[in-house]
$ cat start19.txt   # compact mmCIF, C-alpha atoms (C1' of nucleotides)
# COMPACT_ATOMS: atom_id res chain seq x y z
CA MET A 1 -18.18 -8.30 20.76
CA THR A 2 -14.52 -7.58 21.43
CA GLY A 3 -12.51 -8.81 18.44
CA PRO A 4 -9.89 -11.35 19.41
CA VAL A 5 -6.35 -9.98 19.36
CA LEU A 6 -4.35 -11.05 16.32
CA GLU A 7 -2.27 -14.06 17.28
CA PRO A 8 1.53 -13.69 17.19
CA LEU A 9 2.13 -15.59 13.93
CA ASP A 10 -0.56 -13.64 12.07
CA GLN A 11 0.81 -10.48 13.62
CA ALA A 12 4.28 -11.28 12.29
CA ILE A 13 2.91 -12.01 8.82
CA VAL A 14 0.89 -8.81 8.75
CA ARG A 15 3.90 -6.82 9.96
CA GLU A 16 6.06 -8.19 7.15
CA LEU A 17 3.44 -7.63 4.47
CA SER A 18 2.84 -4.12 5.72
CA ALA A 19 6.55 -3.33 5.36
CA ASP A 20 6.66 -4.92 1.89
CA GLY A 21 3.42 -5.88 0.22
CA ARG A 22 5.18 -7.93 -2.44
CA ARG A 23 7.11 -10.20 -0.10
CA SER A 24 6.84 -13.81 -1.35
CA PHE A 25 5.33 -16.62 0.70
CA THR A 26 8.72 -18.31 0.65
CA ASP A 27 10.29 -15.18 2.13
CA LEU A 28 7.48 -14.77 4.68
CA ALA A 29 7.77 -18.42 5.67
CA GLU A 30 11.46 -17.99 6.52
CA ARG A 31 10.89 -14.77 8.43
CA VAL A 32 8.03 -16.02 10.60
CA GLY A 33 9.31 -19.59 10.98
CA LEU A 34 6.53 -21.56 9.32
CA SER A 35 6.27 -23.71 6.21
CA VAL A 36 5.34 -22.03 2.94
CA SER A 37 1.96 -23.75 2.86
CA ALA A 38 1.10 -22.70 6.40
CA VAL A 39 1.89 -19.07 5.56
CA HIS A 40 -0.14 -19.35 2.40
CA GLN A 41 -3.10 -20.65 4.36
CA ARG A 42 -2.82 -17.88 6.97
CA VAL A 43 -2.53 -15.08 4.43
CA ARG A 44 -5.63 -16.32 2.60
CA ARG A 45 -7.49 -16.42 5.89
CA LEU A 46 -6.34 -12.90 6.82
CA GLU A 47 -7.59 -11.69 3.43
CA GLN A 48 -10.94 -13.43 3.85
CA ARG A 49 -11.43 -12.14 7.39
CA GLY A 50 -10.73 -8.63 6.10
CA VAL A 51 -7.69 -8.09 8.30
CA ILE A 52 -5.82 -7.62 5.03
CA ARG A 53 -7.97 -5.29 2.91
CA GLY A 54 -5.72 -5.34 -0.14
CA TYR A 55 -2.31 -4.46 -1.47
CA THR A 56 -1.14 -1.21 -2.93
CA THR A 57 1.86 0.72 -4.20
CA ARG A 58 3.31 3.87 -2.65
CA LEU A 59 3.85 6.45 -5.37
CA ASP A 60 5.69 9.74 -5.62
CA GLY A 61 2.99 12.40 -6.04
CA GLU A 62 5.34 14.77 -7.87
CA GLN A 63 6.44 12.18 -10.39
CA ILE A 64 2.97 10.92 -11.20
CA GLY A 65 1.75 14.44 -11.92
CA LEU A 66 -0.18 15.05 -8.69
CA PRO A 67 2.20 17.34 -6.80
CA LEU A 68 -0.46 19.17 -4.79
CA THR A 69 -1.90 17.52 -1.65
CA ALA A 70 -4.52 19.16 0.56
CA LEU A 71 -6.65 18.45 3.62
CA ILE A 72 -10.22 19.66 3.28
CA SER A 73 -12.57 20.04 6.25
CA LEU A 74 -16.28 19.82 5.54
CA THR A 75 -19.16 21.56 7.29
CA PRO A 76 -22.74 20.74 6.22
CA ASN A 77 -24.71 23.66 4.79
CA ASP A 78 -27.91 22.22 6.21
CA PRO A 79 -27.19 20.54 9.55
CA ALA A 80 -30.61 18.83 9.40
CA ALA A 81 -29.87 17.06 6.09
CA PRO A 82 -29.35 13.27 6.16
CA ASP A 83 -25.70 12.33 6.64
CA ASP A 84 -24.89 10.59 3.38
CA TYR A 85 -21.79 12.67 2.61
CA PRO A 86 -19.41 9.76 2.00
CA GLN A 87 -21.78 8.41 -0.65
CA ARG A 88 -22.01 11.83 -2.24
CA LEU A 89 -18.23 12.12 -2.36
CA GLU A 90 -17.26 8.57 -3.31
CA HIS A 91 -17.31 9.20 -7.05
CA ILE A 92 -14.79 12.04 -6.81
CA THR A 93 -11.60 10.14 -7.50
CA GLU A 94 -9.28 12.94 -6.40
CA ILE A 95 -10.37 12.17 -2.82
CA GLU A 96 -7.95 9.58 -1.52
CA SER A 97 -9.30 9.34 2.05
CA CYS A 98 -12.42 10.44 3.87
CA TYR A 99 -12.56 10.63 7.68
CA SER A 100 -15.62 11.33 9.80
CA VAL A 101 -14.32 13.36 12.73
CA ALA A 102 -15.24 14.72 16.14
CA GLY A 103 -14.94 18.49 16.29
CA ASP A 104 -16.20 21.66 14.68
CA GLU A 105 -16.24 20.06 11.26
CA SER A 106 -17.90 16.81 10.20
CA TYR A 107 -15.42 15.31 7.74
CA ILE A 108 -11.82 15.68 6.72
CA LEU A 109 -10.73 14.69 3.22
CA LEU A 110 -7.25 14.06 1.87
CA VAL A 111 -6.98 14.95 -1.80
CA ARG A 112 -4.31 14.99 -4.50
CA VAL A 113 -4.43 17.19 -7.59
CA ALA A 114 -2.24 18.38 -10.43
CA SER A 115 -2.39 22.14 -9.79
CA PRO A 116 -4.00 24.98 -7.83
CA LEU A 117 -6.49 25.33 -10.66
CA ALA A 118 -7.41 21.65 -10.33
CA LEU A 119 -7.84 22.19 -6.57
CA GLU A 120 -10.19 25.10 -7.16
CA GLU A 121 -12.23 22.96 -9.55
CA LEU A 122 -12.25 20.06 -7.08
CA LEU A 123 -13.49 22.27 -4.23
CA ARG A 124 -16.36 23.43 -6.42
CA LYS A 125 -17.23 19.79 -7.17
CA ILE A 126 -17.12 18.82 -3.48
CA ARG A 127 -19.31 21.75 -2.38
CA GLU A 128 -21.88 21.04 -5.08
CA SER A 129 -21.94 17.25 -4.63
CA ALA A 130 -22.20 17.25 -0.86
CA LYS A 131 -23.81 20.62 -0.07
CA VAL A 132 -21.07 21.58 2.33
CA SER A 133 -18.75 24.45 2.95
CA THR A 134 -15.06 23.70 2.92
CA ARG A 135 -11.92 24.80 4.70
CA THR A 136 -8.74 23.85 2.89
CA THR A 137 -5.27 23.28 4.33
CA VAL A 138 -2.59 23.00 1.67
CA VAL A 139 0.23 20.51 2.28
CA LEU A 140 3.60 22.18 1.69
CA SER A 141 5.72 19.05 2.02
CA THR A 142 5.40 15.50 3.27
CA PRO A 143 8.28 14.51 5.57
CA PHE A 144 6.84 10.99 5.71
CA GLU A 145 3.63 9.20 4.84
CA GLY A 146 2.00 5.79 5.03
CA ARG A 147 4.48 4.22 7.44
CA SER A 148 3.74 0.72 8.67
CA PRO A 149 1.88 0.47 11.98
CA THR A 150 3.57 -0.91 15.05
CA LEU A 151 2.02 -4.25 15.80
CA MET B 1 13.03 21.72 -13.67
CA THR B 2 9.63 20.49 -14.69
CA GLY B 3 9.62 16.69 -14.35
CA PRO B 4 8.66 14.93 -17.55
CA VAL B 5 5.11 13.57 -17.50
CA LEU B 6 4.92 9.82 -17.00
CA GLU B 7 4.59 8.19 -20.39
CA PRO B 8 1.36 6.28 -21.14
CA LEU B 9 2.76 2.75 -20.70
CA ASP B 10 4.38 3.59 -17.36
CA GLN B 11 1.19 5.37 -16.36
CA ALA B 12 -0.83 2.22 -17.10
CA ILE B 13 1.59 0.04 -15.14
CA VAL B 14 1.54 2.41 -12.17
CA ARG B 15 -2.26 2.57 -12.27
CA GLU B 16 -2.53 -1.23 -12.18
CA LEU B 17 0.01 -1.61 -9.39
CA SER B 18 -1.69 1.10 -7.39
CA ALA B 19 -5.00 -0.77 -7.62
CA ASP B 20 -3.33 -4.08 -6.71
CA GLY B 21 0.23 -4.02 -5.48
CA ARG B 22 0.61 -7.78 -5.87
CA ARG B 23 -0.40 -7.98 -9.50
CA SER B 24 2.01 -10.32 -11.33
CA PHE B 25 4.21 -9.21 -14.22
CA THR B 26 2.36 -11.73 -16.37
CA ASP B 27 -0.93 -10.09 -15.47
CA LEU B 28 0.45 -6.57 -15.93
CA ALA B 29 1.88 -7.52 -19.32
CA GLU B 30 -1.53 -8.63 -20.56
CA ARG B 31 -3.27 -5.54 -19.21
CA VAL B 32 -0.87 -2.99 -20.67
CA GLY B 33 -0.11 -4.89 -23.88
CA LEU B 34 3.62 -5.52 -23.53
CA SER B 35 5.78 -8.61 -23.09
CA VAL B 36 6.48 -9.83 -19.56
CA SER B 37 10.14 -8.85 -19.79
CA ALA B 38 9.35 -5.33 -21.02
CA VAL B 39 6.99 -4.81 -18.06
CA HIS B 40 9.60 -6.21 -15.73
CA GLN B 41 12.18 -3.78 -17.07
CA ARG B 42 9.80 -0.81 -16.73
CA VAL B 43 8.75 -1.67 -13.17
CA ARG B 44 12.40 -1.93 -12.10
CA ARG B 45 13.09 1.46 -13.68
CA LEU B 46 10.05 3.02 -11.98
CA GLU B 47 11.33 1.67 -8.65
CA GLN B 48 14.84 3.01 -9.26
CA ARG B 49 13.59 6.43 -10.34
CA GLY B 50 11.52 6.57 -7.15
CA VAL B 51 8.19 6.85 -8.95
CA ILE B 52 7.32 3.63 -7.12
CA ARG B 53 8.39 4.15 -3.51
CA GLY B 54 7.43 0.69 -2.31
CA TYR B 55 4.61 -1.73 -1.81
CA THR B 56 2.34 -2.07 1.18
CA THR B 57 -0.72 -3.78 2.57
CA ARG B 58 -3.96 -2.08 3.56
CA LEU B 59 -4.99 -3.30 6.99
CA ASP B 60 -8.13 -3.09 9.09
CA GLY B 61 -7.23 -0.88 12.05
CA GLU B 62 -9.85 -2.49 14.29
CA GLN B 63 -8.68 -6.02 13.61
CA ILE B 64 -5.00 -5.31 14.13
CA GLY B 65 -5.65 -3.77 17.50
CA LEU B 66 -5.32 -0.08 16.51
CA PRO B 67 -8.95 1.01 16.41
CA LEU B 68 -8.33 4.64 17.26
CA THR B 69 -7.17 7.06 14.53
CA ALA B 70 -6.53 10.76 15.12
CA LEU B 71 -5.29 13.84 13.32
CA ILE B 72 -2.95 15.97 15.41
CA SER B 73 -2.08 19.57 14.54
CA LEU B 74 1.23 20.88 15.82
CA THR B 75 2.15 24.43 16.85
CA PRO B 76 5.76 25.17 17.88
CA ASN B 77 6.20 26.34 21.46
CA ASP B 78 9.17 28.47 20.43
CA PRO B 79 8.55 29.89 16.95
CA ALA B 80 12.22 30.86 16.70
CA ALA B 81 13.47 27.27 17.18
CA PRO B 82 15.02 25.50 14.18
CA ASP B 83 12.43 23.57 12.18
CA ASP B 84 13.59 19.98 12.63
CA TYR B 85 10.22 18.66 13.81
CA PRO B 86 9.98 15.74 11.36
CA GLN B 87 13.35 14.45 12.61
CA ARG B 88 12.17 14.79 16.18
CA LEU B 89 9.00 12.84 15.43
CA GLU B 90 10.33 10.17 13.10
CA HIS B 91 11.11 7.67 15.87
CA ILE B 92 7.52 7.70 17.13
CA THR B 93 6.13 4.72 15.26
CA GLU B 94 2.49 5.50 16.04
CA ILE B 95 2.77 8.41 13.59
CA GLU B 96 1.82 7.02 10.20
CA SER B 97 2.06 10.30 8.23
CA CYS B 98 3.49 13.75 8.80
CA TYR B 99 2.46 16.73 6.65
CA SER B 100 3.97 20.20 6.74
CA VAL B 101 1.05 22.53 6.12
CA ALA B 102 0.14 26.11 5.30
CA GLY B 103 -2.14 27.63 7.94
CA ASP B 104 -2.32 28.41 11.62
CA GLU B 105 -0.51 25.20 12.51
CA SER B 106 2.82 23.96 11.19
CA TYR B 107 2.29 20.21 10.90
CA ILE B 108 -0.52 17.72 10.80
CA LEU B 109 0.07 14.14 11.88
CA LEU B 110 -2.03 11.06 11.28
CA VAL B 111 -1.69 8.55 14.10
CA ARG B 112 -3.13 5.15 15.05
CA VAL B 113 -3.32 3.83 18.59
CA ALA B 114 -4.92 1.07 20.61
CA SER B 115 -6.95 3.18 23.04
CA PRO B 116 -7.70 6.65 24.42
CA LEU B 117 -5.08 6.00 27.08
CA ALA B 118 -2.50 5.21 24.39
CA LEU B 119 -3.47 8.44 22.62
CA GLU B 120 -2.92 10.44 25.81
CA GLU B 121 0.49 8.85 26.21
CA LEU B 122 1.34 9.49 22.55
CA LEU B 123 0.39 13.18 22.82
CA ARG B 124 2.71 13.53 25.80
CA LYS B 125 5.53 11.93 23.78
CA ILE B 126 4.90 14.22 20.80
CA ARG B 127 4.83 17.39 22.90
CA GLU B 128 8.02 16.44 24.73
CA SER B 129 9.93 15.23 21.66
CA ALA B 130 9.10 18.17 19.42
CA LYS B 131 8.42 21.00 21.91
CA VAL B 132 5.05 21.74 20.40
CA SER B 133 1.50 22.19 21.53
CA THR B 134 -1.07 19.91 19.97
CA ARG B 135 -4.66 20.06 18.83
CA THR B 136 -6.24 16.63 18.35
CA THR B 137 -9.11 15.66 16.10
CA VAL B 138 -10.40 12.16 16.77
CA VAL B 139 -11.54 10.11 13.78
CA LEU B 140 -14.97 8.58 14.44
CA SER B 141 -15.13 6.44 11.32
CA THR B 142 -13.36 6.05 8.01
CA PRO B 143 -15.79 5.85 5.08
CA PHE B 144 -12.83 5.24 2.77
CA GLU B 145 -9.06 5.54 2.85
CA GLY B 146 -6.02 5.14 0.63
CA ARG B 147 -7.86 4.97 -2.67
CA SER B 148 -5.76 4.83 -5.83
CA PRO B 149 -5.04 8.15 -7.52
CA THR B 150 -6.51 8.97 -10.90
CA LEU B 151 -3.72 8.94 -13.39
C1' DG C 1 13.60 -0.61 -25.68
C1' DC C 2 11.30 -4.65 -27.24
C1' DT C 3 10.61 -9.88 -27.81
C1' DG C 4 11.09 -14.71 -26.86
C1' DA C 5 13.21 -18.55 -24.59
C1' DA C 6 15.26 -20.92 -20.70
C1' DA C 7 16.44 -21.58 -15.89
C1' DA C 8 15.38 -20.50 -11.23
C1' DC C 9 11.95 -19.70 -8.16
C1' DA C 10 7.17 -19.07 -6.18
C1' DT C 11 2.36 -20.36 -5.91
C1' DG C 12 -1.55 -23.23 -5.32
C1' DT C 13 -3.30 -27.78 -4.37
C1' DC C 14 -3.46 -31.98 -2.21
C1' DT C 15 -2.11 -35.78 1.03
C1' DG C 16 -1.02 -37.25 5.42
C1' DC C 17 -0.11 -36.13 10.11
C1' DG D 1 -3.38 -26.26 11.76
C1' DC D 2 1.08 -27.70 9.91
C1' DA D 3 4.62 -29.99 6.74
C1' DG D 4 6.08 -31.94 2.47
C1' DA D 5 5.61 -32.94 -2.35
C1' DC D 6 4.17 -32.00 -6.93
C1' DA D 7 2.26 -29.62 -10.95
C1' DT D 8 1.61 -25.19 -12.67
C1' DG D 9 2.63 -20.41 -13.11
C1' DT D 10 5.79 -16.49 -12.36
C1' DT D 11 10.17 -14.08 -12.14
C1' DT D 12 14.56 -13.09 -13.73
C1' DT D 13 18.21 -13.21 -16.94
C1' DC D 14 20.04 -13.30 -21.41
C1' DA D 15 20.59 -13.34 -26.56
C1' DG D 16 19.05 -11.21 -30.60
C1' DC D 17 16.76 -7.53 -33.07
$ encode --input "start19.txt" --output "structure tokens"
Amino acid sequence: MTGPVLEPLDQAIVRELSADGRRSFTDLAERVGLSVSAVHQRVRRLEQRGVIRGYTTRLDGEQIGLPLTALISLTPNDPAAPDDYPQRLEHITEIESCYSVAGDESYILLVRVASPLALEELLRKIRESAKVSTRTTVVLSTPFEGRSPTL
Amino acid sequence: MTGPVLEPLDQAIVRELSADGRRSFTDLAERVGLSVSAVHQRVRRLEQRGVIRGYTTRLDGEQIGLPLTALISLTPNDPAAPDDYPQRLEHITEIESCYSVAGDESYILLVRVASPLALEELLRKIRESAKVSTRTTVVLSTPFEGRSPTL
DNA sequence: GCTGAAAACATGTCTGC
DNA sequence: GCAGACATGTTTTCAGC
């Protein structure tokens, strides 16, 4: 039941790839002290096991035309309704992340939009799609975001 | 003042790299309809301009030994104190993201830890480092996270 | 700012340990 | 599970437009 702890070599590989997702196998091999083919083999296995879920690029929200970030808390309109909110929200691409949480509200969403008007429109879409009421917290600035975990 | 909108070819490149941060220049070139060297040139320029802030790897929190995610809201103990909270929190590596927000609280943090005990310890560290009181919302599950923005 | 070509380098596969 | 070798593919640089 308890997942086995990631072994030290895999941990080192994952740490390096988390810091720079485009690091080459050659580079990784040097850093973790294995041959290139051994690293290759381990990375493929980490991908297959789902430890590595994919690779992505960190972007500047301002510069890509999505300068407005917000956190939106969701409360079901009908508490007796079946809890399929994530499914109902999945198609809304402005929602970057969706967390099911303990507390007064059921879900917290992180969204990125182009403007206050786009946020207003998005909130309407969320309320209609999921039959929820929303509470919105606007992000004023982002001192840091998406830092690598400490393994 | 208004940043120029990302031009269509850069937009396409950024969209592809956001979906898969390890996509090769060869692959990107085919997808956006440019030569490999033109794509290479554009990606380097996007990195230098800070549109692309870096590359990272999406990991499974459970499998890397950080199964517990939480959102922590911060309220200053002394509202008159200088607002250098991000600096005071930066060294705490369990904090993945730090948002300055509009609302009752000043900041919201996203953190990942190994256990409830580690969360308790982390909260103590945050309160001491930043002289704040905290309100913690535990994440029960993550239906989705870190999806690519719609450009 | 683009293309195309060439050299350097990385990846993926396979063999043997 | 790892190392080494080899063929193939990718990155990086450069000349020319």
$ atom_distance --input "start19.txt" --atom1 "CA of Leu71 in chain A" --atom2 "CA of Ile92 in chain A"
14.7 Å
$ interface_residues --input "start19.txt" --of "chain C" --to "chain B" --cutoff "10 Å" --atoms "all atoms listed in the file" --output "list in words"
DG1, DC2, DT3 and DG4 of chain C
$ atom_distance --input "start19.txt" --atom1 "CA of Val111 in chain A" --atom2 "CA of Leu68 in chain B"
21.7 Å
$ closest_atom_pairs --input "start19.txt" --of "chain A" --to "chain B" --cutoff "7 Å" --atoms "all atoms listed in the file" --output "JSON lines"
{"residue": "A:Gly3", "atom": "CA", "partner": "B:Gln63", "partner_atom": "CA", "distance": 6.8}
{"residue": "A:Val5", "atom": "CA", "partner": "B:Gly65", "partner_atom": "CA", "distance": 6.5}
{"residue": "A:Leu6", "atom": "CA", "partner": "B:Ile64", "partner_atom": "CA", "distance": 6.2}
{"residue": "A:Leu17", "atom": "CA", "partner": "B:Thr57", "partner_atom": "CA", "distance": 6.0}
{"residue": "A:Ser18", "atom": "CA", "partner": "B:Thr57", "partner_atom": "CA", "distance": 4.8}
{"residue": "A:Ala19", "atom": "CA", "partner": "B:Thr56", "partner_atom": "CA", "distance": 6.1}
{"residue": "A:Asp20", "atom": "CA", "partner": "B:Thr56", "partner_atom": "CA", "distance": 5.2}
{"residue": "A:Gly21", "atom": "CA", "partner": "B:Thr56", "partner_atom": "CA", "distance": 4.1}
{"residue": "A:Arg22", "atom": "CA", "partner": "B:Arg22", "partner_atom": "CA", "distance": 5.7}
{"residue": "A:Gly50", "atom": "CA", "partner": "B:Asp60", "partner_atom": "CA", "distance": 6.8}
{"residue": "A:Val51", "atom": "CA", "partner": "B:Asp60", "partner_atom": "CA", "distance": 5.1}
{"residue": "A:Ile52", "atom": "CA", "partner": "B:Leu59", "partner_atom": "CA", "distance": 4.8}
{"residue": "A:Arg53", "atom": "CA", "partner": "B:Arg58", "partner_atom": "CA", "distance": 5.2}
{"residue": "A:Gly54", "atom": "CA", "partner": "B:Arg58", "partner_atom": "CA", "distance": 5.2}
{"residue": "A:Tyr55", "atom": "CA", "partner": "B:Thr57", "partner_atom": "CA", "distance": 4.4}
{"residue": "A:Thr56", "atom": "CA", "partner": "B:Gly21", "partner_atom": "CA", "distance": 4.0}
{"residue": "A:Thr57", "atom": "CA", "partner": "B:Tyr55", "partner_atom": "CA", "distance": 4.4}
{"residue": "A:Arg58", "atom": "CA", "partner": "B:Arg53", "partner_atom": "CA", "distance": 5.2}
{"residue": "A:Leu59", "atom": "CA", "partner": "B:Ile52", "partner_atom": "CA", "distance": 4.8}
{"residue": "A:Asp60", "atom": "CA", "partner": "B:Val51", "partner_atom": "CA", "distance": 5.1}
{"residue": "A:Gln63", "atom": "CA", "partner": "B:Val51", "partner_atom": "CA", "distance": 5.8}
{"residue": "A:Ile64", "atom": "CA", "partner": "B:Leu6", "partner_atom": "CA", "distance": 6.2}
{"residue": "A:Gly65", "atom": "CA", "partner": "B:Val5", "partner_atom": "CA", "distance": 6.6}
{"residue": "A:Pro86", "atom": "CA", "partner": "B:Pro143", "partner_atom": "CA", "distance": 6.2}
{"residue": "A:Thr93", "atom": "CA", "partner": "B:Thr150", "partner_atom": "CA", "distance": 6.2}
{"residue": "A:Glu94", "atom": "CA", "partner": "B:Pro149", "partner_atom": "CA", "distance": 6.5}
{"residue": "A:Glu96", "atom": "CA", "partner": "B:Arg147", "partner_atom": "CA", "distance": 4.8}
{"residue": "A:Ser97", "atom": "CA", "partner": "B:Glu145", "partner_atom": "CA", "distance": 3.9}
{"residue": "A:Cys98", "atom": "CA", "partner": "B:Phe144", "partner_atom": "CA", "distance": 5.3}
{"residue": "A:Tyr99", "atom": "CA", "partner": "B:Thr142", "partner_atom": "CA", "distance": 4.7}
{"residue": "A:Ser100", "atom": "CA", "partner": "B:Ser141", "partner_atom": "CA", "distance": 5.1}
{"residue": "A:Val101", "atom": "CA", "partner": "B:Val139", "partner_atom": "CA", "distance": 4.4}
{"residue": "A:Ala102", "atom": "CA", "partner": "B:Val138", "partner_atom": "CA", "distance": 5.5}
{"residue": "A:Gly103", "atom": "CA", "partner": "B:Thr137", "partner_atom": "CA", "distance": 6.5}
{"residue": "A:Thr137", "atom": "CA", "partner": "B:Ala102", "partner_atom": "CA", "distance": 6.2}
{"residue": "A:Val138", "atom": "CA", "partner": "B:Ala102", "partner_atom": "CA", "distance": 5.5}
{"residue": "A:Val139", "atom": "CA", "partner": "B:Val101", "partner_atom": "CA", "distance": 4.4}
{"residue": "A:Leu140", "atom": "CA", "partner": "B:Val101", "partner_atom": "CA", "distance": 5.1}
{"residue": "A:Ser141", "atom": "CA", "partner": "B:Ser100", "partner_atom": "CA", "distance": 5.2}
{"residue": "A:Thr142", "atom": "CA", "partner": "B:Tyr99", "partner_atom": "CA", "distance": 4.6}
{"residue": "A:Pro143", "atom": "CA", "partner": "B:Cys98", "partner_atom": "CA", "distance": 5.8}
{"residue": "A:Phe144", "atom": "CA", "partner": "B:Cys98", "partner_atom": "CA", "distance": 5.3}
{"residue": "A:Glu145", "atom": "CA", "partner": "B:Ser97", "partner_atom": "CA", "distance": 3.9}
{"residue": "A:Gly146", "atom": "CA", "partner": "B:Glu96", "partner_atom": "CA", "distance": 5.3}
{"residue": "A:Arg147", "atom": "CA", "partner": "B:Glu96", "partner_atom": "CA", "distance": 4.7}
{"residue": "A:Ser148", "atom": "CA", "partner": "B:Glu96", "partner_atom": "CA", "distance": 6.8}
{"residue": "A:Pro149", "atom": "CA", "partner": "B:Glu94", "partner_atom": "CA", "distance": 6.5}
{"residue": "A:Thr150", "atom": "CA", "partner": "B:Thr93", "partner_atom": "CA", "distance": 6.2}
$ closest_atom_pairs --input "start19.txt" --of "chain D" --to "chain A" --cutoff "12 Å" --atoms "all atoms listed in the file" --output "CSV"
residue,atom,partner,partner_atom,distance
D:DG1,C1',A:Ala38,CA,7.8
D:DC2,C1',A:Ala38,CA,6.1
D:DA3,C1',A:Ser35,CA,6.5
D:DG4,C1',A:Ser35,CA,9.0
D:DA5,C1',A:Ser37,CA,11.2
D:DT10,C1',A:Ser24,CA,11.4
D:DT11,C1',A:Ser24,CA,11.3
$ write_last_selection --input "start19.txt" --atoms "C-alpha atoms (C1' of nucleotides)" --output "mmCIF file, in the frame of the given file"
data_model
loop_
_atom_site.group_PDB
_atom_site.id
_atom_site.type_symbol
_atom_site.label_atom_id
_atom_site.label_comp_id
_atom_site.auth_asym_id
_atom_site.auth_seq_id
_atom_site.Cartn_x
_atom_site.Cartn_y
_atom_site.Cartn_z
ATOM 1 C "C1'" DG D 1 -3.380 -26.260 11.760
ATOM 2 C "C1'" DC D 2 1.080 -27.700 9.910
ATOM 3 C "C1'" DA D 3 4.620 -29.990 6.740
ATOM 4 C "C1'" DG D 4 6.080 -31.940 2.470
ATOM 5 C "C1'" DA D 5 5.610 -32.940 -2.350
ATOM 6 C "C1'" DT D 10 5.790 -16.490 -12.360
ATOM 7 C "C1'" DT D 11 10.170 -14.080 -12.140
#
$ atom_distance --input "start19.txt" --atom1 "CA of His91 in chain B" --atom2 "CA of Pro8 in chain A"
23.4 Å
$ closest_residue --input "start19.txt" --among "A:Leu9, A:Ala130, A:Leu122, A:Ala29" --to "Asp78 in chain A" --atoms "all atoms listed in the file"
A:Ala130
$ residues_around --input "start19.txt" --residues "range 5-7 of chain C" --least-positions-apart "5" --cutoff "12 Å" --atoms "all atoms listed in the file" --output "list in words"
Ser37 of chain B; DT11, DT12, DT13, DC14, DA15 and DG16 of chain D
$ residues_near_point --input "start19.txt" --point "(9.1, -22.0, -8.5)" --cutoff "10 Å" --atoms "only C-alpha atoms (C1' of nucleotides)" --output "MDAnalysis selection string"
(chainID A and resid 26) or (chainID C and resid 8:11) or (chainID D and resid 8:11)
$ residues_around --input "start19.txt" --residues "DC6 in chain D" --least-positions-apart "3" --cutoff "12 Å" --atoms "all atoms listed in the file" --output "VMD selection string"
chain C and resid 11 to 15
$ write_last_selection --input "start19.txt" --atoms "C-alpha atoms (C1' of nucleotides)" --output "mmCIF file, in the coordinates of the input"
data_model
loop_
_atom_site.group_PDB
_atom_site.id
_atom_site.type_symbol
_atom_site.label_atom_id
_atom_site.label_comp_id
_atom_site.auth_asym_id
_atom_site.auth_seq_id
_atom_site.Cartn_x
_atom_site.Cartn_y
_atom_site.Cartn_z
ATOM 1 C "C1'" DT C 11 2.360 -20.360 -5.910
ATOM 2 C "C1'" DG C 12 -1.550 -23.230 -5.320
ATOM 3 C "C1'" DT C 13 -3.300 -27.780 -4.370
ATOM 4 C "C1'" DC C 14 -3.460 -31.980 -2.210
ATOM 5 C "C1'" DT C 15 -2.110 -35.780 1.030
#
$ axis_aligned_box --input "start19.txt" --around "range 129-145 of chain A" --padding-each-side "4 Å" --output "AutoDock Vina command-line options"
--center_x -7.8 --center_y 17.0 --center_z 0.5 --size_x 40.1 --size_y 23.6 --size_z 18.3
